[in-house]
Amino acid sequence: MNLLIRILVTSGLVLLISRFMPGVHVAGFTTALIVAVVLGLLNIFIKPILVILTLPVTILTLGLFLLVINALIILLCTNIVGGFSVDSFWTAFLFSIILSLSQSIMNGILGEGK
């Protein structure tokens, strides 16, 4: 049940952010739901591989390179999910930061951070 709530919250946030942020386009709630699932799967399977491969750069930048990895995950998601597009790398970079902060806030409000 907890996973279902997190997916619904993430899809709502993706839809909300796309309405206010130029350069991010989501066709509808169903597409946002698919984006949330695909982002979750990419974060489980692809992100750890990217983190390990870029570990020296991540250490050198004191972890800030993880923001670049998050943007690359968003761009990869745009290639997988039809109806979801991000115009540029910098838009994906900003979108990933806003989405991460929003998810943290919502997890705190809903009490899922435990």
# chains A, B, ... in the order shown; residues from 1 in each chain; ligands from 1

call {"tool": "select_by_dssp", "arguments": {"residues": "chain A", "states": "strand (DSSP E or B)", "output": "JSON, numbers by chain"}}
result
{"A": [24, 25, 26, 84, 85, 86]}

call {"tool": "residues_around", "arguments": {"residues": "A:Thr30", "least_positions_apart": "3", "cutoff": "10 Å", "atoms": "only C-alpha atoms", "output": "PDB file with C-alpha atoms, in the first residue's frame"}}
result
ATOM      1  CA  SER A  11       2.703  11.045 -10.535  1.00  0.00           C
ATOM      2  CA  LEU A  15       1.852  16.446 -13.454  1.00  0.00           C
ATOM      3  CA  VAL A  26       3.125  15.515 -19.825  1.00  0.00           C
ATOM      4  CA  ALA A  27       0.103  14.365 -21.833  1.00  0.00           C
ATOM      5  CA  LEU A  33       1.531   7.571 -13.621  1.00  0.00           C
ATOM      6  CA  ILE A  34       3.639   5.701 -16.176  1.00  0.00           C
ATOM      7  CA  VAL A  35       6.455   8.234 -15.692  1.00  0.00           C
ATOM      8  CA  ALA A  36       6.378   7.634 -11.928  1.00  0.00           C
ATOM      9  CA  GLY A  83       3.694  11.602 -24.006  1.00  0.00           C
TER      10      GLY A  83
END

call {"tool": "closest_residue", "arguments": {"among": "A:Val37, A:Cys77, A:Ile97, A:Met21", "to": "A:Leu8", "atoms": "only C-alpha atoms"}}
result
A:Val37

call {"tool": "residues_around", "arguments": {"residues": "A:Val24", "least_positions_apart": "3", "cutoff": "6 Å", "atoms": "only C-alpha atoms", "output": "list in words"}}
result
Ser18, Ser85 and Val86 of chain A

call {"tool": "residues_around", "arguments": {"residues": "A:Leu101", "least_positions_apart": "6", "cutoff": "12 Å", "atoms": "only C-alpha atoms", "output": "list in words"}}
result
Thr10, Leu13, Ile17, Leu94, Phe95, Asn107 and Gly108 of chain A

call {"tool": "write_last_selection", "arguments": {"atoms": "all heavy atoms", "output": "PDB file, in the first residue's frame"}}
result
ATOM      1  N   THR A  10       4.055  10.710  -6.552  1.00  0.00           N
ATOM      2  CA  THR A  10       5.050  11.092  -7.557  1.00  0.00           C
ATOM      3  C   THR A  10       4.387  11.470  -8.877  1.00  0.00           C
ATOM      4  O   THR A  10       4.767  12.458  -9.508  1.00  0.00           O
ATOM      5  CB  THR A  10       6.066   9.955  -7.775  1.00  0.00           C
ATOM      6  OG1 THR A  10       6.703   9.662  -6.535  1.00  0.00           O
ATOM      7  CG2 THR A  10       7.108  10.337  -8.807  1.00  0.00           C
ATOM      8  N   LEU A  13       2.907  14.865  -8.528  1.00  0.00           N
ATOM      9  CA  LEU A  13       3.950  15.889  -8.538  1.00  0.00           C
ATOM     10  C   LEU A  13       4.499  16.112  -9.944  1.00  0.00           C
ATOM     11  O   LEU A  13       4.757  17.255 -10.339  1.00  0.00           O
ATOM     12  CB  LEU A  13       5.079  15.500  -7.585  1.00  0.00           C
ATOM     13  CG  LEU A  13       4.753  15.578  -6.098  1.00  0.00           C
ATOM     14  CD1 LEU A  13       5.880  14.976  -5.266  1.00  0.00           C
ATOM     15  CD2 LEU A  13       4.467  17.001  -5.671  1.00  0.00           C
ATOM     16  N   ILE A  17       4.266  19.738 -11.564  1.00  0.00           N
ATOM     17  CA  ILE A  17       5.486  20.448 -11.968  1.00  0.00           C
ATOM     18  C   ILE A  17       5.452  20.754 -13.467  1.00  0.00           C
ATOM     19  O   ILE A  17       5.860  21.831 -13.900  1.00  0.00           O
ATOM     20  CB  ILE A  17       6.740  19.632 -11.590  1.00  0.00           C
ATOM     21  CG1 ILE A  17       6.870  19.537 -10.073  1.00  0.00           C
ATOM     22  CG2 ILE A  17       8.003  20.265 -12.186  1.00  0.00           C
ATOM     23  CD1 ILE A  17       7.903  18.534  -9.606  1.00  0.00           C
ATOM     24  N   LEU A  94      16.845  20.823 -13.649  1.00  0.00           N
ATOM     25  CA  LEU A  94      15.988  21.582 -12.737  1.00  0.00           C
ATOM     26  C   LEU A  94      14.751  20.781 -12.339  1.00  0.00           C
ATOM     27  O   LEU A  94      14.344  20.792 -11.172  1.00  0.00           O
ATOM     28  CB  LEU A  94      15.588  22.911 -13.391  1.00  0.00           C
ATOM     29  CG  LEU A  94      14.802  23.893 -12.538  1.00  0.00           C
ATOM     30  CD1 LEU A  94      15.583  24.285 -11.289  1.00  0.00           C
ATOM     31  CD2 LEU A  94      14.456  25.127 -13.345  1.00  0.00           C
ATOM     32  N   PHE A  95      14.165  20.062 -13.299  1.00  0.00           N
ATOM     33  CA  PHE A  95      13.000  19.227 -13.019  1.00  0.00           C
ATOM     34  C   PHE A  95      13.333  18.163 -11.970  1.00  0.00           C
ATOM     35  O   PHE A  95      12.546  17.916 -11.055  1.00  0.00           O
ATOM     36  CB  PHE A  95      12.500  18.568 -14.308  1.00  0.00           C
ATOM     37  CG  PHE A  95      11.342  17.638 -14.119  1.00  0.00           C
ATOM     38  CD1 PHE A  95      10.060  18.125 -13.941  1.00  0.00           C
ATOM     39  CD2 PHE A  95      11.529  16.260 -14.123  1.00  0.00           C
ATOM     40  CE1 PHE A  95       8.984  17.267 -13.772  1.00  0.00           C
ATOM     41  CE2 PHE A  95      10.465  15.397 -13.956  1.00  0.00           C
ATOM     42  CZ  PHE A  95       9.187  15.896 -13.778  1.00  0.00           C
ATOM     43  N   ASN A 107       6.759  13.209   1.378  1.00  0.00           N
ATOM     44  CA  ASN A 107       7.029  12.062   2.242  1.00  0.00           C
ATOM     45  C   ASN A 107       7.046  12.473   3.708  1.00  0.00           C
ATOM     46  O   ASN A 107       6.588  11.731   4.564  1.00  0.00           O
ATOM     47  CB  ASN A 107       8.336  11.388   1.861  1.00  0.00           C
ATOM     48  CG  ASN A 107       8.240  10.629   0.569  1.00  0.00           C
ATOM     49  OD1 ASN A 107       7.156  10.265   0.118  1.00  0.00           O
ATOM     50  ND2 ASN A 107       9.375  10.397  -0.066  1.00  0.00           N
ATOM     51  N   GLY A 108       7.556  13.661   3.987  1.00  0.00           N
ATOM     52  CA  GLY A 108       7.528  14.181   5.349  1.00  0.00           C
ATOM     53  C   GLY A 108       6.116  14.466   5.826  1.00  0.00           C
ATOM     54  O   GLY A 108       5.769  14.180   6.966  1.00  0.00           O
TER      55      GLY A 108
END

call {"tool": "select_by_dssp", "arguments": {"residues": "chain A", "states": "alpha helix (DSSP H)", "output": "number ranges by chain"}}
result
A: 2-20, 29-45, 47-53, 55-60, 65-80, 89-110

call {"tool": "decode", "arguments": {"residues": "stretch 2-73 of chain A", "atoms": "C-alpha atoms", "output": "compact mmCIF listing (two decimals), in the first residue's frame"}}
result
# COMPACT_ATOMS: atom_id res chain seq x y z
CA ASN A 2 2.88 2.33 0.84
CA LEU A 3 4.38 1.83 -2.64
CA LEU A 4 1.07 2.63 -4.32
CA ILE A 5 0.77 5.89 -2.36
CA ARG A 6 4.32 6.88 -3.30
CA ILE A 7 3.64 6.20 -6.99
CA LEU A 8 0.43 8.23 -6.88
CA VAL A 9 2.16 11.11 -5.08
CA THR A 10 5.05 11.09 -7.56
CA SER A 11 2.70 11.05 -10.53
CA GLY A 12 0.74 13.96 -9.09
CA LEU A 13 3.95 15.89 -8.54
CA VAL A 14 5.15 15.16 -12.09
CA LEU A 15 1.85 16.45 -13.45
CA LEU A 16 1.88 19.52 -11.19
CA ILE A 17 5.49 20.45 -11.97
CA SER A 18 4.87 20.04 -15.70
CA ARG A 19 2.02 22.53 -15.52
CA PHE A 20 4.23 25.25 -14.03
CA MET A 21 7.63 24.50 -15.53
CA PRO A 22 8.23 25.41 -19.16
CA GLY A 23 10.02 22.73 -21.14
CA VAL A 24 8.39 19.77 -19.39
CA HIS A 25 5.41 18.25 -21.18
CA VAL A 26 3.13 15.51 -19.83
CA ALA A 27 0.10 14.36 -21.83
CA GLY A 28 -2.09 13.54 -18.83
CA PHE A 29 -2.41 11.77 -15.50
CA THR A 30 -2.04 8.32 -17.04
CA THR A 31 1.24 9.39 -18.62
CA ALA A 32 2.36 10.88 -15.30
CA LEU A 33 1.53 7.57 -13.62
CA ILE A 34 3.64 5.70 -16.18
CA VAL A 35 6.46 8.23 -15.69
CA ALA A 36 6.38 7.63 -11.93
CA VAL A 37 6.63 3.86 -12.40
CA VAL A 38 9.39 4.12 -15.01
CA LEU A 39 11.37 6.60 -12.88
CA GLY A 40 11.08 4.22 -9.95
CA LEU A 41 12.34 1.30 -12.02
CA LEU A 42 15.18 3.34 -13.52
CA ASN A 43 16.19 4.48 -10.04
CA ILE A 44 16.23 0.87 -8.85
CA PHE A 45 18.08 -0.73 -11.77
CA ILE A 46 20.04 1.88 -13.78
CA LYS A 47 20.97 4.56 -11.24
CA PRO A 48 23.16 2.29 -9.04
CA ILE A 49 25.16 1.26 -12.10
CA LEU A 50 25.68 4.90 -13.10
CA VAL A 51 26.65 5.83 -9.54
CA ILE A 52 29.29 3.09 -9.40
CA LEU A 53 30.68 3.97 -12.83
CA THR A 54 30.95 7.66 -11.95
CA LEU A 55 32.12 7.22 -8.36
CA PRO A 56 35.45 9.06 -8.80
CA VAL A 57 33.70 12.09 -10.33
CA THR A 58 31.02 11.98 -7.64
CA ILE A 59 33.64 11.95 -4.89
CA LEU A 60 35.60 14.73 -6.60
CA THR A 61 32.50 16.94 -6.80
CA LEU A 62 31.45 16.05 -3.23
CA GLY A 63 28.30 14.31 -4.45
CA LEU A 64 27.03 17.07 -6.72
CA PHE A 65 27.48 14.85 -9.77
CA LEU A 66 24.51 12.82 -8.49
CA LEU A 67 22.33 15.71 -9.68
CA VAL A 68 23.66 15.14 -13.19
CA ILE A 69 22.86 11.44 -12.89
CA ASN A 70 19.30 12.32 -11.83
CA ALA A 71 18.94 14.55 -14.90
CA LEU A 72 20.22 11.75 -17.13
CA ILE A 73 17.64 9.39 -15.59
